[in-house]
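Participant: This is target.txt, which holds compact mmCIF, C-alpha atoms and all ligand atoms:
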# COMPACT_ATOMS: atom_id res chain seq x y z
CA MET A 1 60.21 25.93 53.45
CA ARG A 2 61.96 22.59 52.96
CA LEU A 3 60.53 19.76 55.01
CA LEU A 4 61.01 16.05 55.33
CA PHE A 5 58.68 13.46 56.87
CA LEU A 6 60.26 10.47 58.53
CA GLY A 7 58.48 7.49 60.07
CA PRO A 8 57.63 3.81 59.65
CA PRO A 9 55.20 2.48 57.02
CA GLY A 10 51.69 3.60 57.91
CA ALA A 11 52.73 6.43 60.25
CA GLY A 12 50.76 8.95 58.18
CA LYS A 13 53.61 10.54 56.21
CA GLY A 14 51.67 10.65 52.95
CA THR A 15 48.49 11.93 54.59
CA GLN A 16 50.22 14.73 56.48
CA ALA A 17 52.75 15.63 53.78
CA LYS A 18 49.96 16.19 51.25
CA MET A 19 48.01 18.41 53.67
CA ILE A 20 51.03 20.53 54.59
CA ALA A 21 52.17 20.83 50.96
CA GLU A 22 48.74 21.97 49.85
CA GLU A 23 48.24 24.49 52.65
CA PHE A 24 51.63 26.15 52.17
CA GLY A 25 52.06 25.82 48.40
CA LEU A 26 54.96 23.37 48.56
CA LEU A 27 55.80 20.56 46.16
CA HIS A 28 54.98 17.13 47.61
CA ILE A 29 57.65 14.64 46.58
CA ALA A 30 56.96 10.97 47.37
CA PRO A 31 59.02 8.29 45.60
CA GLY A 32 56.43 5.63 46.56
CA ASP A 33 53.73 7.56 44.65
CA ILE A 34 56.07 8.12 41.70
CA PHE A 35 56.96 4.42 41.52
CA ARG A 36 53.29 3.39 41.76
CA GLN A 37 52.46 5.72 38.85
CA GLU A 38 55.24 4.17 36.77
CA VAL A 39 53.98 0.65 37.53
CA LYS A 40 50.47 1.68 36.55
CA ALA A 41 51.67 3.28 33.31
CA GLY A 42 53.66 0.13 32.49
CA THR A 43 56.90 2.00 31.82
CA GLU A 44 60.34 0.42 31.82
CA LEU A 45 60.96 1.84 35.30
CA GLY A 46 57.58 0.48 36.38
CA HIS A 47 58.53 -3.05 35.33
CA LEU A 48 61.82 -2.73 37.15
CA VAL A 49 60.33 -1.61 40.49
CA GLU A 50 57.10 -3.62 40.57
CA GLY A 51 58.57 -6.82 42.03
CA ILE A 52 60.82 -4.94 44.46
CA MET A 53 57.87 -3.01 45.87
CA ALA A 54 55.62 -6.06 46.11
CA GLU A 55 58.32 -7.71 48.27
CA GLY A 56 58.71 -4.65 50.47
CA ARG A 57 62.36 -4.06 49.57
CA LEU A 58 63.94 -0.75 48.60
CA VAL A 59 64.39 0.33 45.00
CA PRO A 60 68.14 0.77 44.24
CA ASP A 61 69.58 4.08 45.46
CA ASP A 62 70.92 5.30 42.09
CA ILE A 63 67.48 5.07 40.47
CA THR A 64 65.69 6.67 43.42
CA ILE A 65 68.20 9.48 43.86
CA GLN A 66 68.07 10.41 40.19
CA ILE A 67 64.27 10.69 40.29
CA ILE A 68 64.29 12.82 43.41
CA GLU A 69 66.97 15.15 42.07
CA LYS A 70 64.89 15.78 38.95
CA ARG A 71 61.86 16.77 41.07
CA LEU A 72 63.91 18.95 43.41
CA ASN A 73 65.30 20.84 40.44
CA SER A 74 61.91 21.34 38.80
CA PRO A 75 60.31 24.82 38.80
CA GLU A 76 57.42 23.58 40.99
CA ALA A 77 59.89 23.12 43.85
CA ARG A 78 60.80 26.82 43.82
CA ASN A 79 58.68 27.72 46.87
CA GLY A 80 59.91 24.69 48.75
CA PHE A 81 59.01 21.05 49.11
CA VAL A 82 57.82 18.31 51.42
CA LEU A 83 59.74 15.07 51.02
CA ASP A 84 57.81 11.96 52.03
CA GLY A 85 59.58 8.58 51.90
CA PHE A 86 62.98 9.90 50.83
CA PRO A 87 65.64 9.49 52.13
CA ARG A 88 65.18 5.94 53.45
CA ASN A 89 68.82 5.13 54.24
CA LEU A 90 72.06 6.96 55.03
CA ALA A 91 73.35 6.87 51.43
CA GLN A 92 70.18 8.62 50.25
CA ALA A 93 70.45 11.16 53.09
CA GLN A 94 73.99 12.00 52.03
CA ALA A 95 72.92 12.30 48.39
CA LEU A 96 70.10 14.66 49.43
CA LYS A 97 72.50 16.82 51.41
CA ASP A 98 74.84 17.02 48.40
CA MET A 99 72.10 17.87 45.89
CA LEU A 100 70.71 20.62 48.12
CA GLU A 101 74.19 22.01 48.79
CA ARG A 102 74.78 22.32 45.05
CA LYS A 103 71.77 24.66 44.99
CA GLY A 104 72.83 26.51 48.15
CA GLU A 105 69.89 25.04 50.07
CA ARG A 106 69.33 22.86 53.11
CA LEU A 107 66.47 21.21 54.97
CA ASP A 108 64.61 23.36 57.49
CA LEU A 109 62.96 20.60 59.50
CA VAL A 110 62.60 16.83 59.69
CA ILE A 111 59.30 15.69 61.20
CA ASP A 112 59.49 12.23 62.72
CA LEU A 113 56.01 10.71 63.08
CA VAL A 114 55.91 8.35 66.07
CA VAL A 115 53.24 5.60 66.16
CA PRO A 116 53.28 2.20 68.00
CA GLU A 117 53.72 -0.87 65.80
CA GLU A 118 50.30 -2.56 66.47
CA GLU A 119 48.57 0.63 65.41
CA LEU A 120 50.74 0.76 62.25
CA LEU A 121 49.79 -2.78 61.30
CA LYS A 122 46.09 -2.00 61.75
CA ARG A 123 46.37 1.15 59.64
CA SER A 124 48.27 -0.49 56.79
CA MET A 125 45.86 -3.42 56.55
CA SER A 126 42.86 -1.11 56.24
CA ARG A 127 44.59 1.29 53.86
CA ARG A 128 43.12 1.91 50.43
CA VAL A 129 44.32 4.32 47.80
CA CYS A 130 42.61 6.00 44.86
CA ALA A 131 43.84 4.37 41.65
CA LYS A 132 43.34 7.67 39.80
CA CYS A 133 44.53 10.54 42.03
CA GLY A 134 46.44 8.69 44.76
CA LYS A 135 44.42 10.00 47.72
CA PRO A 136 44.80 7.62 50.67
CA TYR A 137 41.85 6.34 52.72
CA ASN A 138 41.44 4.20 55.78
CA LEU A 139 38.38 1.98 56.02
CA ASN A 140 38.27 2.33 59.83
CA LEU A 141 38.94 6.01 60.24
CA ASP A 142 38.14 7.89 57.09
CA PRO A 143 36.11 5.68 54.79
CA PRO A 144 34.97 7.22 51.50
CA GLU A 145 31.41 8.53 51.20
CA VAL A 146 30.60 5.99 48.50
CA GLU A 147 32.06 2.52 49.09
CA GLY A 148 35.04 1.80 46.84
CA ARG A 149 35.06 5.28 45.24
CA CYS A 150 37.30 8.32 45.76
CA ASP A 151 35.51 11.36 47.27
CA VAL A 152 37.65 13.73 45.22
CA CYS A 153 37.71 12.23 41.74
CA GLY A 154 35.41 9.18 41.78
CA GLY A 155 38.33 6.88 40.98
CA GLU A 156 38.39 3.27 42.15
CA LEU A 157 39.85 2.54 45.61
CA ILE A 158 42.37 -0.29 45.59
CA VAL A 159 44.54 -2.21 48.07
CA ARG A 160 48.21 -1.58 47.52
CA ASP A 161 50.18 -4.67 46.49
CA ASP A 162 52.62 -3.99 49.30
CA ASP A 163 49.89 -3.86 51.97
CA LYS A 164 49.69 -7.65 52.27
CA GLU A 165 50.65 -8.80 55.78
CA ASP A 166 53.96 -10.50 54.81
CA THR A 167 55.05 -7.50 52.80
CA ILE A 168 54.15 -5.13 55.62
CA LYS A 169 56.35 -7.15 58.02
CA GLU A 170 59.25 -6.98 55.55
CA ARG A 171 58.74 -3.20 55.20
CA PHE A 172 58.95 -2.84 58.99
CA ARG A 173 62.18 -4.84 59.00
CA VAL A 174 63.67 -2.65 56.27
CA TYR A 175 62.50 0.43 58.16
CA HIS A 176 64.22 -0.61 61.40
CA GLU A 177 67.40 -1.65 59.65
CA GLU A 178 67.87 1.12 57.10
CA THR A 179 65.58 4.07 57.78
CA GLU A 180 65.41 4.35 61.55
CA PRO A 181 69.11 5.34 61.84
CA LEU A 182 68.15 8.55 60.04
CA ARG A 183 66.48 9.76 63.24
CA GLU A 184 69.87 9.92 64.90
CA TYR A 185 71.46 11.39 61.77
CA TYR A 186 69.00 14.30 61.65
CA ALA A 187 68.96 14.71 65.45
CA LYS A 188 72.71 15.30 65.22
CA CYS A 189 72.07 17.91 62.52
CA GLY A 190 69.74 19.60 65.06
CA ILE A 191 66.71 19.61 62.75
CA LEU A 192 64.68 16.62 63.98
CA VAL A 193 61.36 17.01 65.80
CA SER A 194 59.32 14.02 66.95
CA VAL A 195 55.56 14.33 66.64
CA ASP A 196 53.08 11.88 68.19
CA GLY A 197 51.29 10.46 65.14
CA CYS A 198 48.39 8.98 67.14
CA GLY A 199 45.04 10.71 67.29
CA ASP A 200 42.90 11.85 64.41
CA ILE A 201 44.39 13.21 61.19
CA ASP A 202 43.54 16.86 61.88
CA SER A 203 44.94 16.84 65.39
CA VAL A 204 48.23 15.36 64.11
CA CYS A 205 48.29 18.07 61.44
CA ASP A 206 47.77 20.74 64.12
CA LYS A 207 50.70 19.35 66.11
CA ILE A 208 52.89 19.54 63.01
CA LYS A 209 51.86 23.13 62.36
CA MET A 210 52.69 24.02 65.98
CA CYS A 211 56.22 22.73 65.31
CA LEU A 212 56.49 24.84 62.15
CA LEU A 213 55.33 27.85 64.15
CA ASP A 214 57.74 27.08 66.95
CA LYS A 215 60.67 26.95 64.51
CA GLY A 216 59.64 30.25 62.92
CA LEU A 217 58.86 28.58 59.57
CA ILE A 218 55.30 29.96 59.51
CA ARG A 219 53.88 33.06 61.20
CA GLU A 220 50.59 31.65 62.38
CA ALA A 221 49.08 28.19 62.30
CA LYS A 222 46.66 29.23 59.54
CA ASP A 223 49.35 30.99 57.51
CA ARG A 224 49.41 30.47 53.74
P1 LIG B 1 52.60 6.46 55.28
O1 LIG B 1 52.75 7.37 54.08
O2 LIG B 1 53.45 6.90 56.45
O3 LIG B 1 52.80 5.03 54.97
P2 LIG B 1 49.75 7.01 55.05
O4 LIG B 1 49.59 8.49 55.10
O5 LIG B 1 49.64 6.35 53.73
O6 LIG B 1 51.11 6.60 55.81
O7 LIG B 1 48.70 6.39 56.08
C1 LIG B 1 48.60 4.97 56.28
C2 LIG B 1 47.15 4.60 56.54
O8 LIG B 1 46.74 5.10 57.81
C3 LIG B 1 46.16 5.22 55.53
O9 LIG B 1 45.11 4.31 55.32
C4 LIG B 1 45.67 6.48 56.21
O10 LIG B 1 44.39 6.85 55.79
C5 LIG B 1 45.68 6.06 57.69
N1 LIG B 1 45.98 7.17 58.59
C6 LIG B 1 46.77 8.25 58.34
N2 LIG B 1 46.80 9.07 59.41
C7 LIG B 1 46.04 8.48 60.37
C8 LIG B 1 45.67 8.84 61.72
N3 LIG B 1 46.11 9.97 62.30
N4 LIG B 1 44.86 7.99 62.38
C9 LIG B 1 44.42 6.86 61.81
N5 LIG B 1 44.71 6.47 60.55
C10 LIG B 1 45.51 7.27 59.83
P1 LIG B 2 55.00 3.93 53.03
O1 LIG B 2 54.37 5.29 52.85
O2 LIG B 2 54.00 2.93 53.45
O3 LIG B 2 56.22 4.01 53.87
P2 LIG B 2 55.87 4.31 50.33
O4 LIG B 2 54.66 4.59 49.55
O5 LIG B 2 56.67 5.47 50.78
O6 LIG B 2 55.45 3.44 51.60
O7 LIG B 2 56.83 3.33 49.56
C1 LIG B 2 56.37 2.19 48.91
C2 LIG B 2 57.55 1.39 48.34
O8 LIG B 2 58.24 2.19 47.35
C3 LIG B 2 58.63 1.03 49.34
O9 LIG B 2 58.30 -0.13 50.07
C4 LIG B 2 59.84 0.84 48.42
O10 LIG B 2 59.77 -0.40 47.72
C5 LIG B 2 59.64 1.96 47.41
N1 LIG B 2 60.30 3.19 47.87
C6 LIG B 2 59.68 4.31 48.33
N2 LIG B 2 60.58 5.25 48.68
C7 LIG B 2 61.80 4.70 48.44
C8 LIG B 2 63.15 5.16 48.62
N3 LIG B 2 63.42 6.37 49.11
N4 LIG B 2 64.15 4.31 48.26
C9 LIG B 2 63.90 3.11 47.76
N5 LIG B 2 62.67 2.61 47.60
C10 LIG B 2 61.62 3.39 47.92
ZN ZN B 3 40.90 10.12 43.62
Transcribe the structure of this file into structure tokens.
Ligand code: ADP
Ligand code: ADP
Ligand code: ZN
Facilitator:
Amino acid sequence: MRLLFLGPPGAGKGTQAKMIAEEFGLLHIAPGDIFRQEVKAGTELGHLVEGIMAEGRLVPDDITIQIIEKRLNSPEARNGFVLDGFPRNLAQAQALKDMLERKGERLDLVIDLVVPEEELLKRSMSRRVCAKCGKPYNLNLDPPEVEGRCDVCGGELIVRDDDKEDTIKERFRVYHEETEPLREYYAKCGILVSVDGCGDIDSVCDKIKMCLLDKGLIREAKDR
């Protein structure tokens, strides 16, 4: 199964992509997570992308595409993958198509998470992320059991640099300008489904699994 999550910042792509990947044994590939790890590790790539991310702009295509291609070609992607945050513009979408074609593969489904903008702003401003394992939290909806600590690994919960209000606004602008046209691109390919991303996390996940069922990608909603 080869899936892609599309949607504006804060729509729940990361949350849902991780759940689906885990349940069905797929590789979760999220360039945002990869870049954040590089920043944290202080690598050369990390230094390069840190400022770009803090401003809410996109990392250059050549760098991003190269990183994604490496993950897609890794053995962990054998059973399939869930892409989350890539592609983010038409050039990246074309590059993805080409790299999959070289392997004789193609995307099965693109899940477009639809959430109104005021709700997105609220979610992003109350978002926290585990500094150690990357698990996302939301202080309003799914706060951790112990304040400031990850339920899974005990790591420290931090605010992402790019979750400041100005940066969030810039990320919305970039989304509308560069990423939103991908909805039409994938609709034309006949593989786009729109899923209402409002409601609690589990009910959104159920809606996604109903789509997978509907498209014959899984046999039953609890399939593994
Ligand atoms: P994205 O990857 O699309 O930016 P995330 O998965 O990181 O989105 O979610 C953004 C924020 O919203 C996080 O704090 C997350 O916990 C929260 N969130 C995710 N799904 C929901 C939901 N269905 N309802 C309310 N908050 C949610
Ligand atoms: P969100 O889940 O809130 O949409 P991400 O975690 O996916 O945010 O991305 C965080 C930042 O990482 C982006 O604002 C951008 O700077 C960079 N980034 C992520 N994916 C890409 C991509 N496909 N191309 C270029 N830059 C990216
Ligand atoms: Zn953690």
Participant: Using all atoms listed in the file, which protein or nucleic acid residues are at most 9 Å from ligand LIG 2 (chain B), as a ChimeraX atom specification?
Facilitator: /A:6-14,30-36,49-61,63-65,68,84-89,92,124,162-163,167-168,170-172,174-175
Participant: With distances taken over only C-alpha atoms and all ligand atoms, which residue among A:Gly190, A:Gly104, A:Gly155, A:Pro75 lies nearest ligand ZN 3 (chain B)?
Facilitator: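 Checking each candidate against ligand ZN 3 (chain B), we get A:Gly155 as the closest.
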Participant: Go through A:Lys215, A:Lys97, A:Lys18, A:Lys209 one by one, measure the shortest atom-to-atom distance of each to ligand LIG 1 (chain B) using only C-alpha atoms and all ligand atoms, and give the residue with the smallest value.
Facilitator: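 That would be A:Lys18, the residue with the smallest distance to ligand LIG 1 (chain B).
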Participant: Need the axis-aligned box for stretch 129-143 of chain A with 3 Å each side, so what are the centre and edges in Å to one decimal, as JSON?
Facilitator:
{"center_x": 41.3, "center_y": 6.3, "center_z": 50.0, "size_x": 16.3, "size_y": 14.6, "size_z": 26.4}
Participant: Which residue, A:Val129, A:Ala93, A:Leu26, A:Ile201, has the smallest gap to A:Val110 when you use all atoms listed in the file?
Facilitator: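 Selected residue with least distance to A:Val110: A:Ala93.
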Participant: How many Å separate atom CA of A:Gly199 from atom CA of A:Leu109?
Facilitator: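 So the two atoms, atom CA of A:Gly199 and atom CA of A:Leu109, lie 21.9 Å apart.
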Participant: Could you check which of A:Glu156, A:Asp200, A:Glu44, A:Asp112 is closest to A:Asn140, using all atoms listed in the file?
Facilitator: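 For A:Asn140, the nearest of the given residues is A:Asp200.
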Participant: If I take atom CA of A:Glu165 and atom CA of A:Lys122, how far is one from the other in Å, to one decimal?
Facilitator: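 Interatomic distance here is 10.1 Å.
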Participant: For ligand ZN 3 (chain B), collect every residue having any atom at a distance of at most 6 Å from a ligand atom (counting all atoms listed in the file); output as JSON, numbers by chain.
Facilitator: {"A": [130, 132, 133, 134, 135, 150, 152, 153, 154, 155]}
Participant: What residues have an atom no more than 12 Å from (57.0, 24.2, 65.8) in the file's own frame, counting only C-alpha atoms, and can you write them as a ChimeraX atom specification?
Facilitator: /A:108-111,191-195,205-221
Participant: Measure the distance from atom CA of A:Tyr186 to atom CA of A:Met19 in Å and round it to one decimal.
Facilitator: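 Atom-to-atom, atom CA of A:Tyr186 to atom CA of A:Met19, that is 22.8 Å.
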Participant: If you count only C-alpha atoms, which residues fall within 10 Å of A:Ile20, apart from same-chain ones fewer than 2 positions away, as a list of chain:residue names?
Facilitator: A:Leu3, A:Thr15, A:Gln16, A:Ala17, A:Lys18, A:Glu22, A:Glu23, A:Phe24, A:Gly25, A:Leu26, A:Leu27, A:His28, A:Phe81, A:Val82, A:Cys205, A:Ile208, A:Lys209
Participant: I want to know what sits within 6 Å of A:Gly197, based on all atoms listed in the file, with residues of the same chain fewer than 6 positions away left out; could you give that as a tab-separated table (two decimals) with C-alpha atoms, keeping the file's coordinate frame?
Facilitator:
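Everything below was put into result-v2.tsv:
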chain	number	residue	atom	x	y	z
A	113	LEU	CA	56.01	10.71	63.08
A	114	VAL	CA	55.91	8.35	66.07
A	115	VAL	CA	53.24	5.60	66.16
A	204	VAL	CA	48.23	15.36	64.11
Participant: Pick the closest to A:Gln66 from A:Ala95, A:Met125, A:Leu83, A:Thr43: which is it, counting all atoms listed in the file?
Facilitator: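 Looking at the shortest contact to A:Gln66, the residue is A:Ala95.
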Participant: Of the residues A:Glu119, A:Glu180, A:Glu145, A:Glu105, which is the one nearest to A:Arg2, using all atoms listed in the file?
Facilitator: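 When distances to A:Arg2 are compared using all atoms listed in the file, the smallest one comes from A:Glu105.
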Participant: At most 12 Å from (65.4, 21.0, 41.0), file frame, only C-alpha atoms: which residues, as a list in words?
Facilitator: Leu27, Ile29, Gln66, Ile67, Ile68, Glu69, Lys70, Arg71, Leu72, Asn73, Ser74, Pro75, Glu76, Ala77, Arg78, Asn79, Gly80, Phe81, Leu96, Met99, Leu100, Glu101, Arg102, Lys103, Gly104 and Glu105 of chain A
